[in-house]
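As stored in start05.cif (mmCIF, C-alpha atoms):
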data_data
#
loop_
_atom_site.label_atom_id
_atom_site.label_comp_id
_atom_site.auth_asym_id
_atom_site.auth_seq_id
_atom_site.Cartn_x
_atom_site.Cartn_y
_atom_site.Cartn_z
CA MET D 1 209.09 -49.18 87.72
CA SER D 2 208.20 -50.91 90.97
CA GLU D 3 204.62 -50.99 92.18
CA PRO D 4 203.65 -48.23 94.62
CA VAL D 5 202.80 -49.69 98.01
CA SER D 6 201.08 -47.69 100.72
CA ALA D 7 202.40 -47.75 104.27
CA LEU D 8 199.83 -50.11 105.72
CA GLY D 9 198.89 -52.11 102.63
CA GLY D 10 195.23 -51.16 102.70
CA ALA D 11 194.60 -51.86 106.40
CA SER D 12 191.21 -50.85 107.72
CA THR D 13 189.29 -50.96 110.96
CA SER D 14 185.76 -50.25 112.01
CA GLY D 15 184.47 -48.62 115.16
CA ILE D 16 182.42 -45.50 115.68
CA VAL D 17 183.91 -44.55 112.29
CA GLU D 18 185.59 -46.57 109.55
CA VAL D 19 189.32 -45.94 109.28
CA ALA D 20 191.12 -47.13 106.16
CA ASP D 21 194.51 -46.72 104.57
CA ALA D 22 193.70 -44.73 101.43
CA GLY D 23 196.20 -46.71 99.36
CA PRO D 24 198.87 -45.14 97.17
CA VAL D 25 198.15 -41.44 96.62
CA GLY D 26 200.33 -39.14 94.55
CA MET D 27 201.47 -36.13 96.59
CA ILE D 28 203.45 -33.19 95.27
CA THR D 29 204.68 -30.37 97.48
CA ILE D 30 204.81 -27.01 95.73
CA ARG D 31 206.62 -24.14 97.39
CA GLY D 32 207.04 -20.61 96.14
CA ASP D 33 205.87 -17.09 96.78
CA LEU D 34 202.14 -17.64 96.30
CA SER D 35 201.45 -13.91 96.54
CA ASP D 36 203.57 -13.34 93.42
CA VAL D 37 201.39 -12.92 90.33
CA ALA D 38 203.98 -14.62 88.09
CA VAL D 39 203.99 -17.70 90.34
CA ARG D 40 200.20 -17.75 90.54
CA ASN D 41 199.87 -17.49 86.77
CA ALA D 42 202.41 -20.25 86.21
CA LEU D 43 200.59 -22.51 88.66
CA ALA D 44 197.17 -21.72 87.28
CA GLY D 45 198.31 -23.15 83.93
CA CYS D 46 198.90 -26.64 85.33
CA LEU D 47 196.63 -26.74 88.37
CA ILE D 48 193.10 -25.76 89.22
CA SER D 49 192.78 -22.22 87.87
CA ALA D 50 191.95 -20.71 91.25
CA LEU D 51 194.54 -21.43 93.92
CA PRO D 52 193.13 -22.25 97.35
CA ALA D 53 192.73 -19.38 99.79
CA THR D 54 194.14 -19.65 103.31
CA ARG D 55 193.44 -23.14 104.75
CA GLN D 56 191.18 -24.14 101.85
CA VAL D 57 191.10 -27.39 99.86
CA MET D 58 190.24 -27.09 96.15
CA GLU D 59 188.91 -30.11 94.32
CA SER D 60 188.79 -30.72 90.60
CA GLY D 61 188.32 -34.17 89.08
CA THR D 62 190.90 -36.45 90.70
CA ASP D 63 193.02 -33.50 91.87
CA ARG D 64 192.93 -31.94 95.28
CA LEU D 65 194.99 -28.90 96.10
CA LEU D 66 195.62 -28.14 99.77
CA TRP D 67 196.81 -24.87 101.28
CA MET D 68 199.60 -25.87 103.66
CA SER D 69 201.22 -22.54 104.55
CA PRO D 70 201.53 -19.06 103.00
CA ASP D 71 204.19 -20.40 100.62
CA GLU D 72 203.27 -24.05 100.30
CA LEU D 73 200.63 -26.09 98.49
CA LEU D 74 200.13 -29.84 98.41
CA LEU D 75 198.72 -31.42 95.26
CA LEU D 76 197.08 -34.81 95.60
CA CYS D 77 196.66 -36.71 92.35
CA PRO D 78 196.65 -40.32 91.11
CA GLN D 79 200.10 -41.80 91.73
CA ASP D 80 200.72 -42.76 88.10
CA GLU D 81 200.43 -39.08 87.11
CA VAL D 82 203.02 -37.83 89.60
CA ALA D 83 206.08 -37.89 87.32
CA ALA D 84 204.28 -36.04 84.53
CA ARG D 85 202.71 -33.49 86.88
CA THR D 86 206.00 -32.82 88.68
CA GLY D 87 207.72 -32.24 85.34
CA ALA D 88 204.97 -29.93 84.10
CA LEU D 89 205.00 -27.90 87.30
CA SER D 90 208.80 -27.58 87.32
CA ASP D 91 208.72 -26.41 83.70
CA ALA D 92 206.00 -23.85 84.37
CA LEU D 93 207.86 -22.47 87.38
CA LYS D 94 211.39 -22.64 85.98
CA ASP D 95 211.79 -18.83 85.92
CA GLN D 96 210.55 -18.42 89.50
CA HIS D 97 212.11 -19.26 92.83
CA HIS D 98 210.29 -22.48 93.66
CA MET D 99 210.39 -26.09 94.78
CA VAL D 100 208.30 -28.92 93.33
CA ILE D 101 208.91 -32.29 94.91
CA ASP D 102 207.24 -35.69 94.87
CA VAL D 103 206.46 -36.64 98.47
CA SER D 104 204.15 -39.58 97.70
CA ASP D 105 206.44 -42.08 99.38
CA ALA D 106 207.10 -39.86 102.38
CA ARG D 107 203.51 -39.64 103.54
CA ALA D 108 200.58 -41.87 104.39
CA VAL D 109 196.94 -41.02 103.75
CA PHE D 110 193.95 -42.28 105.69
CA LYS D 111 190.32 -42.08 104.78
CA LEU D 112 187.73 -41.93 107.54
CA THR D 113 184.05 -42.43 106.92
CA GLY D 114 181.10 -42.30 109.25
CA VAL D 115 178.62 -39.86 110.70
CA GLU D 116 179.93 -36.31 111.05
CA GLY D 117 179.71 -36.13 114.85
CA ALA D 118 181.71 -39.33 115.27
CA LEU D 119 184.35 -38.21 112.75
CA ARG D 120 184.83 -34.88 114.50
CA GLU D 121 184.98 -36.65 117.83
CA THR D 122 187.64 -39.10 116.62
CA PHE D 123 189.94 -36.23 115.64
CA ALA D 124 189.06 -34.16 118.70
CA LYS D 125 190.18 -36.99 120.99
CA LEU D 126 193.65 -36.84 119.45
CA ALA D 127 194.37 -33.28 118.34
CA PRO D 128 194.37 -29.90 120.12
CA ALA D 129 192.21 -28.51 117.31
CA ASP D 130 188.81 -26.88 117.42
CA LEU D 131 186.72 -29.47 115.57
CA ARG D 132 183.37 -27.66 115.72
CA ALA D 133 181.81 -27.37 112.29
CA ALA D 134 181.96 -23.57 112.52
CA SER D 135 185.73 -23.65 113.08
CA LEU D 136 186.59 -26.47 110.69
CA PRO D 137 183.99 -26.50 107.91
CA VAL D 138 183.97 -29.01 105.09
CA GLY D 139 186.71 -28.14 102.60
CA GLU D 140 189.11 -26.57 105.08
CA VAL D 141 192.40 -28.24 105.98
CA ARG D 142 193.75 -28.22 109.52
CA ARG D 143 197.44 -28.94 110.10
CA THR D 144 197.97 -29.92 113.67
CA ARG D 145 199.36 -32.50 116.01
CA LEU D 146 197.88 -35.98 116.43
CA VAL D 147 199.02 -36.82 119.97
CA GLN D 148 202.79 -36.85 119.30
CA VAL D 149 203.09 -36.50 115.54
CA PRO D 150 202.24 -33.83 112.97
CA ALA D 151 199.22 -34.46 110.78
CA ALA D 152 196.81 -32.65 108.49
CA PHE D 153 193.17 -33.49 108.05
CA TRP D 154 190.15 -32.13 106.26
CA PHE D 155 186.51 -33.01 105.72
CA ALA D 156 185.66 -33.79 102.11
CA SER D 157 181.97 -34.03 103.04
CA ASP D 158 179.82 -34.51 106.15
CA SER D 159 180.57 -38.21 106.12
CA GLU D 160 184.13 -38.42 104.83
CA ALA D 161 187.41 -37.08 106.17
CA HIS D 162 191.01 -37.52 105.07
CA LEU D 163 194.19 -37.43 107.10
CA ILE D 164 197.82 -37.16 106.01
CA CYS D 165 200.78 -38.02 108.22
CA PHE D 166 204.39 -39.02 107.74
CA ARG D 167 204.77 -42.55 106.41
CA SER D 168 207.15 -43.52 109.20
CA VAL D 169 204.41 -42.94 111.79
CA ALA D 170 201.56 -44.45 109.76
CA ASP D 171 201.27 -47.48 112.03
CA TYR D 172 201.24 -45.27 115.13
CA VAL D 173 198.55 -43.03 113.64
CA PHE D 174 196.48 -46.05 112.59
CA GLY D 175 196.68 -47.29 116.17
CA LEU D 176 195.62 -43.90 117.51
CA LEU D 177 192.66 -43.66 115.17
CA THR D 178 191.61 -47.24 115.90
CA HIS D 179 191.70 -46.56 119.62
CA ALA D 180 189.87 -43.23 119.32
CA ALA D 181 187.17 -44.98 117.29
CA THR D 182 186.72 -47.89 119.71
CA PRO D 183 183.04 -48.96 119.71
CA GLY D 184 181.31 -47.75 122.85
CA SER D 185 183.70 -44.82 123.33
CA GLU D 186 181.31 -42.21 121.93
CA VAL D 187 181.24 -38.93 123.82
CA ALA D 188 178.63 -37.52 121.43
CA PHE D 189 179.94 -33.98 121.96
CA PHE D 190 179.46 -32.98 118.33
CA ASP D 191 176.06 -34.63 117.78
CA MET N 1 196.95 -22.97 128.74
CA LEU N 2 198.25 -20.41 126.31
CA ILE N 3 196.36 -19.94 123.05
CA LEU N 4 198.00 -17.79 120.37
CA THR N 5 196.51 -16.90 116.99
CA CYS N 6 198.97 -17.54 114.19
CA PRO N 7 199.04 -14.38 112.04
CA TYR N 8 199.81 -16.47 108.94
CA CYS N 9 197.12 -19.14 108.96
CA GLY N 10 194.69 -17.49 111.37
CA ILE N 11 194.33 -20.55 113.57
CA ALA N 12 193.99 -20.03 117.31
CA CYS N 13 196.51 -22.64 118.31
CA ASP N 14 197.17 -24.24 121.58
CA GLU N 15 200.63 -23.87 123.04
CA THR N 16 201.37 -27.58 122.43
CA GLU N 17 201.12 -26.94 118.68
CA LEU N 18 203.79 -24.25 118.90
CA SER N 19 207.51 -24.13 119.60
CA PRO N 20 208.78 -21.33 121.81
CA GLY N 21 211.59 -19.22 120.33
CA GLY N 22 212.60 -17.03 123.25
CA GLU N 23 212.63 -13.28 123.37
CA ALA N 24 211.54 -11.24 120.35
CA HIS N 25 213.11 -8.14 118.81
CA LEU N 26 216.73 -9.04 119.60
CA LYS N 27 219.26 -7.05 117.63
CA ARG N 28 222.04 -9.27 116.39
CA TYR N 29 225.63 -8.22 117.00
CA GLY N 30 227.98 -10.28 114.89
CA PRO N 31 231.51 -9.93 113.52
CA GLY N 32 232.99 -6.50 114.17
CA SER N 33 230.94 -5.78 117.27
CA SER N 34 232.44 -5.20 120.68
CA ASP N 35 232.63 -7.97 123.26
CA ASP N 36 230.08 -6.16 125.41
CA GLU N 37 227.58 -5.89 122.57
CA PHE N 38 228.06 -9.53 121.65
CA GLU N 39 227.63 -10.65 125.24
CA THR N 40 224.42 -8.62 125.55
CA TYR N 41 223.06 -10.08 122.32
CA LEU N 42 223.97 -13.61 123.27
CA PHE N 43 223.10 -13.78 126.96
CA HIS N 44 221.16 -10.84 128.32
CA ARG N 45 217.44 -11.49 128.29
CA GLU N 46 214.43 -9.84 129.81
CA ASN N 47 212.64 -11.90 132.42
CA PRO N 48 209.66 -9.70 133.19
CA LYS N 49 206.77 -10.25 135.51
CA GLY N 50 204.19 -8.74 133.20
CA ILE N 51 204.37 -7.60 129.60
CA HIS N 52 206.69 -9.62 127.40
CA PHE N 53 207.42 -10.03 123.70
CA GLU N 54 208.23 -13.51 122.47
CA ARG N 55 208.93 -15.45 119.30
CA TRP N 56 206.86 -18.53 118.57
CA ARG N 57 206.84 -20.97 115.71
CA HIS N 58 203.67 -22.66 114.49
CA ALA N 59 205.60 -25.93 114.39
CA HIS N 60 202.71 -28.35 113.99
CA GLY N 61 200.88 -26.07 111.57
CA CYS N 62 202.08 -23.76 108.85
CA GLY N 63 205.65 -23.75 110.21
CA LYS N 64 205.99 -19.96 110.32
CA TRP N 65 207.68 -17.86 112.99
CA PHE N 66 205.65 -15.05 114.53
CA HIS N 67 205.81 -12.70 117.48
CA ALA N 68 203.43 -12.50 120.41
CA ALA N 69 202.91 -9.83 123.04
CA ARG N 70 201.55 -11.24 126.25
CA ASP N 71 201.41 -10.86 129.99
CA THR N 72 203.49 -13.46 131.82
CA ILE N 73 201.38 -13.19 134.97
CA THR N 74 197.85 -13.37 133.62
CA LEU N 75 198.69 -15.12 130.31
CA GLU N 76 196.62 -12.44 128.59
CA VAL N 77 197.64 -12.16 124.95
CA PHE N 78 197.72 -8.59 123.61
CA GLY N 79 198.34 -9.59 120.04
CA THR N 80 200.37 -11.64 117.59
CA TYR N 81 202.08 -10.29 114.49
CA PRO N 82 204.41 -11.46 111.70
CA ALA N 83 208.10 -11.65 112.58
CA GLN N 84 209.39 -9.38 109.79
CA VAL N 85 209.30 -6.24 111.90
CA THR N 86 211.75 -4.49 114.22
CA GLU N 87 209.14 -3.25 116.64
CA PRO N 88 205.58 -4.21 117.60
CA PRO N 89 202.79 -2.78 115.41
CA GLN N 90 200.83 0.17 116.79
CA ASP N 91 197.63 -1.81 117.38
CA VAL N 92 199.49 -4.22 119.65
CA LYS N 93 201.08 -1.32 121.54
CA ASP N 94 197.63 0.29 121.86
CA ALA N 95 196.17 -2.94 123.24
CA ILE N 96 198.88 -3.01 125.91
CA SER N 97 198.48 0.69 126.69
CA ALA N 98 194.76 0.22 127.20
CA LYS N 99 195.49 -2.29 129.94
CA HIS N 100 198.79 -0.99 131.31
CA PRO N 101 199.13 2.77 130.73
CA GLY N 102 202.77 3.87 130.83
CA TRP N 103 204.21 0.39 130.19
CA SER N 104 207.68 -0.09 128.84
CA TRP N 105 209.73 -3.05 127.67
CA ARG N 106 213.33 -2.52 126.59
CA ASP N 107 213.13 0.41 124.15
CA PHE N 108 209.41 0.11 123.51
CA SER N 109 206.66 1.89 125.36
#
If you convert what's in this file into structure tokens, what do you get?
Amino acid sequence: MSEPVSALGGASTSGIVEVADAGPVGMITIRGDLSDVAVRNALAGCLISALPATRQVMESGTDRLLWMSPDELLLLCPQDEVAARTGALSDALKDQHHMVIDVSDARAVFKLTGVEGALRETFAKLAPADLRAASLPVGEVRRTRLVQVPAAFWFASDSEAHLICFRSVADYVFGLLTHAATPGSEVAFFD
Amino acid sequence: MLILTCPYCGIACDETELSPGGEAHLKRYGPGSSDDEFETYLFHRENPKGIHFERWRHAHGCGKWFHAARDTITLEVFGTYPAQVTEPPQDVKDAISAKHPGWSWRDFS
């Protein structure tokens, strides 16, 4: 099989925060009726036992499970595990109405590191989202718009945030983040 | 600026995160209906100065359709609710009644 290559080949930039292409990340979209006990039980067998509540991100080892909508979850895992995980999930859900699909090559992931105020500010310059810590605490995913394109981001800790966007707009998003993190552009609203 | 709370993900989202879907609570007239009914379904829309019911889609978020009751003059939002209903829930109607006693919109009041 060919080597997985991320959209920007590991590009990174440094400003008020560090922005880096997170490299190849395995991403699996899982859709189904998440309020259905049979679906929840089937998923619990091959994912983290507790499914994320509304807007939450669950973390376990190398897995992260994101709540994307009332009937959609996104599983992030190492890319070399994607085929096996997709197969296991499809098997577990085969009696339920569902969709399990590998979207690793359709998306790009960025990792942002820096002080919390600067991270929140970088996103707040680009998205119409409420970035205050009370509205977007660590471990909560926010799907929104980054200027002109859809994106989802979440804080893994006070000093680290992740962002997912479509692969086709990865370069555009990298440019946006680079510009929003230009040294000297601090507004210090969240400090 | 219009801010609507998505009833599915609970986010108070800005209008630029949403896609407008026109009037809510339309009854579809399809094959077998009269020409008049079909014309009404297809073309006749409310255009009120005041209370209005609309469909919105949380396009840049969870992707779900929902309904919103709002005032087109003041942009006051009386409530948002899931789209799988044929009429607004009582709490939304009560919120409108508190502000506009005796209101009516199509068959609702």
| Between CA of Arg28 (chain N) and CA of His44 (chain N), distance in Å (one decimal) |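 Between CA of Arg28 (chain N) and CA of His44 (chain N) the gap works out to 12.1 Å.
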| request: Please write as a list in words the full residue list that the PyMOL selection byres ((chain D) within 10 of (chain N)) yields on this file. | output: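 Applied to this file, the PyMOL selection byres ((chain D) within 10 of (chain N)) returns Thr54, Arg55, Trp67, Met68, Ser69, Pro70, Asp71, Glu72, Ala127, Pro128, Ala129, Asp130, Ser135, Arg142, Arg143, Thr144, Arg145, Leu146, Val147, Gln148, Val149, Pro150, Ala151 and Ala152 of chain D.
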| Residues in the PyMOL selection byres ((chain D and resi 99-113) around 7), expressed as a ChimeraX atom specification | /D:6-7,17-22,25-32,86,89-90,98,114,159-167,170
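The interatomic distance for the pair CA of Ser109 (chain N) and CA of Gly22 (chain N) works out to 19.9 Å.
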| task | Go ahead and compute the interatomic distance for CA of Asp63 (chain D) and CA of Ala133 (chain D), in Å to one decimal. | result |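 One can read the CA of Asp63 (chain D) to CA of Ala133 (chain D) distance as 24.1 Å.
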| said: When you look at region 115-120 of chain D with a cut-off of 7 Å (counting all atoms listed in the file), what residues show up, excluding the ones that are within fewer than 6 positions of it in the same chain? I need them as JSON, numbers by chain. | reply: {"D": [16, 17, 131, 158, 159, 188, 190, 191]}
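The result of the PyMOL selection byres ((chain N and resi 76) around 10) on the shown file is N:Leu2, N:Ile3, N:Leu4, N:Gly50, N:Ile51, N:Ala69, N:Arg70, N:Asp71, N:Thr72, N:Ile73, N:Thr74, N:Leu75, N:Val77, N:Phe78, N:Gly79.
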| With all atoms listed in the file as the basis for distance, which of D:Ser12, D:Gln96, D:Thr122, D:Ser168 is at the shortest distance from Ala42 (chain D)? |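 Answer, going by the shortest atom-to-atom distance: D:Gln96.
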| What residues have an atom no more than 10 Å from (194.4, -29.3, 87.8) in the file's own frame, counting all atoms listed in the file, and can you write them as a VMD selection string? | chain D and resid 43 to 51 58 to 65 75 to 77 85
